[in-house]
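To start, the structure under review is shown below, and the notes come after it.
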Amino acid sequence: MALKTRISFVILLIAVIFTGCKGVKTVVSNGEINTKLTAKQLIKNSTKAGIDFTTLLARLKIEVIQKGKSQNYTVSLKIEKDKKILITSTPVSIVRALITPTRVAFYNKWDNTYFDGDFAYLSDLLGTDLDFDKVQNMLLGQSLFDLNDDKYDLSANDKSYILQPKKQRELFELFLFVNPSHFKMDSQEIAQPQEKRILHIDYLTYQEVDKKTIPEQTKILAIEDQEQLEINLELKSVKLNEKIRFPFTIPSGYKKIEL
């Protein structure tokens, strides 16, 4: 299956968790590398940097670039942290998607189609078991994997700490670049050399929302062999910890599609 077809559904997942806020301020990264910091201490700091909220209501602009062509989308999203994510196209609700720890589903009113499954598709794409928590962590500027589940080597460049497993996994290689100011990710990269696949995520800027540091501008690059897909995210207004509903029902008569 071509990269464009296989990665299109990933865009929905990538798009739904990055958030912005009215009146937020960009976080200035002016931290210095501490050469005495150990990998264990860095992992502890990164774990503490996790975002804590109950619900989130936001708007997000997405630019998708492939083969010199650019497409732009605006979506609204609702998140109940660790439980569910609802994304709806705007200004007209044509496409709607629901993501939970056990379910990944969406439907499209334009062509009366729907998908209803689990994370098996994304797990196959990345060559490792994937679940809701891993996707959520990755998109919120946290490590895709629980850093306490492995042993890491620590190095640094001129602006980031660099973590990589002491023993890389058989199916893919993992590289994490950690910001010295707020200890969230500057970049994450998952490489599958045998498959000629790379998923690279750059967190270009962060912002402060209710004293929480979250991604502001993000660039995602997916490469497979000679094909390349770029996704740029611009974060818009957000409301935290409000009571919100998550309506989602696949209309009857729609045709199921396989990814």
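Please note that chains go A, B, ... in the order of the structure tokens, that every chain numbers its residues from 1, and that ligands are numbered from 1 in the order shown.
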
I'd like the neighbourhood of Lys67 of chain A as a PyMOL selection string, where a residue qualifies if any of its atoms comes within 10 Å (using only C-alpha atoms), though same-chain residues fewer than 3 positions away should be ignored. chain A and resi 70+227-230

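Every protein, DNA or RNA residue with an atom at most 8 Å from segment 189-200 of chain A, where only C-alpha atoms count and chain neighbours fewer than 6 positions away do not, is listed here: Leu126, Leu171, Phe172, Glu173, Leu174, Phe175, Leu176, Ile220, Leu221, Ala222, Ile223, Glu224 and Asp225 of chain A.
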
Wanna dump the segment 131-248 of chain A-segment 71-74 of chain A contacts at 10 Å for me, each residue with its shortest atom pair and the distance in Å to one decimal, counting only C-alpha atoms, ordered by chain and number, as a Markdown table?
```
| residue | atom | partner | partner_atom | distance |
| --- | --- | --- | --- | --- |
| A:Ile231 | CA | A:Gln71 | CA | 9.7 |
| A:Asn232 | CA | A:Asn72 | CA | 9.5 |
| A:Leu233 | CA | A:Tyr73 | CA | 9.9 |
| A:Glu234 | CA | A:Thr74 | CA | 9.6 |
| A:Lys236 | CA | A:Thr74 | CA | 9.9 |
```

Write out as a Markdown table the residues of segment 121-204 of chain A that have any atom within 7 Å of an atom of segment 42-46 of chain A, one row each with the nearest atom pair and its distance in Å to one decimal, counting only C-alpha atoms, sorted by chain and then rising number.
```
| residue | atom | partner | partner_atom | distance |
| --- | --- | --- | --- | --- |
| A:Leu147 | CA | A:Ile43 | CA | 6.4 |
| A:Phe183 | CA | A:Ser46 | CA | 4.9 |
| A:Lys184 | CA | A:Ser46 | CA | 5.9 |
```

Keeping only N, CA and C atoms, write the selected residues to a file as a PDB file, in the first residue's frame.
```
ATOM      1  N   LEU A 147       9.835   5.702  29.438  1.00  0.00           N
ATOM      2  CA  LEU A 147      11.295   5.720  29.564  1.00  0.00           C
ATOM      3  C   LEU A 147      11.795   4.868  30.727  1.00  0.00           C
ATOM      4  N   PHE A 183      12.241  19.911  29.632  1.00  0.00           N
ATOM      5  CA  PHE A 183      12.405  18.457  29.625  1.00  0.00           C
ATOM      6  C   PHE A 183      11.322  17.714  28.852  1.00  0.00           C
ATOM      7  N   LYS A 184      10.662  18.402  27.931  1.00  0.00           N
ATOM      8  CA  LYS A 184       9.806  17.720  26.982  1.00  0.00           C
ATOM      9  C   LYS A 184      10.611  17.496  25.705  1.00  0.00           C
TER      10      LYS A 184
END
```

Once DSSP has gone over the backbone, tell me which residues of segment 47-243 of chain A are in strand (DSSP E), as JSON, numbers by chain. {"A": [55, 56, 57, 58, 59, 60, 61, 62, 63, 64, 65, 66, 69, 70, 71, 72, 73, 74, 75, 76, 77, 78, 79, 80, 84, 85, 86, 87, 88, 89, 95, 96, 97, 98, 99, 104, 105, 106, 107, 108, 113, 114, 115, 116, 117, 152, 153, 154, 155, 156, 161, 162, 163, 164, 165, 173, 174, 175, 176, 177, 178, 185, 186, 187, 188, 189, 190, 191, 192, 197, 198, 199, 200, 201, 202, 203, 204, 205, 206, 207, 208, 209, 212, 213, 214, 215, 216, 217, 218, 219, 220, 221, 222, 223, 224, 227, 228, 229, 230, 231, 232, 233, 234, 235, 236, 237, 238, 239, 240]}

Contacts of Tyr254 of chain A at 9 Å (only C-alpha atoms; same-chain gap of 5+ positions) as an mmCIF file with N, CA and C atoms, in the first residue's frame:
```
data_model
loop_
_atom_site.group_PDB
_atom_site.id
_atom_site.type_symbol
_atom_site.label_atom_id
_atom_site.label_comp_id
_atom_site.auth_asym_id
_atom_site.auth_seq_id
_atom_site.Cartn_x
_atom_site.Cartn_y
_atom_site.Cartn_z
ATOM 1 N N TYR A 107 -16.130 8.201 10.408
ATOM 2 C CA TYR A 107 -17.035 8.088 9.265
ATOM 3 C C TYR A 107 -16.996 9.369 8.442
ATOM 4 N N ASN A 108 -17.327 9.230 7.155
ATOM 5 C CA ASN A 108 -17.235 10.319 6.185
ATOM 6 C C ASN A 108 -18.584 10.466 5.485
ATOM 7 N N LYS A 109 -19.231 11.613 5.671
ATOM 8 C CA LYS A 109 -20.549 11.852 5.082
ATOM 9 C C LYS A 109 -20.480 12.103 3.579
ATOM 10 N N ASP A 111 -18.831 10.359 1.256
ATOM 11 C CA ASP A 111 -18.960 9.126 0.475
ATOM 12 C C ASP A 111 -19.665 7.999 1.242
ATOM 13 N N ASN A 112 -20.254 8.325 2.396
ATOM 14 C CA ASN A 112 -21.003 7.345 3.187
ATOM 15 C C ASN A 112 -20.167 6.107 3.529
ATOM 16 N N THR A 113 -18.930 6.341 4.001
ATOM 17 C CA THR A 113 -18.055 5.236 4.397
ATOM 18 C C THR A 113 -17.659 5.395 5.860
ATOM 19 N N TYR A 114 -17.178 4.296 6.449
ATOM 20 C CA TYR A 114 -16.715 4.347 7.832
ATOM 21 C C TYR A 114 -15.628 3.307 8.069
#
```

Just give me the gap between atom CA of Tyr152 of chain A and atom CA of Lys212 of chain A in Å, one decimal is fine. 26.5 Å

Which residues are near Gln142 of chain A? Cut-off 9 Å, only C-alpha atoms, ignore same chain within fewer than 5 positions. Put them as a PyMOL selection string. chain A and resi 46-47+49-51+134+136-137+183-185

To test your reading of the structure, identify every residue in segment 16-258 of chain A that backbone DSSP assigns to alpha helix (DSSP H), and report it as a ChimeraX atom specification. /A:39-48,120-126,132-139
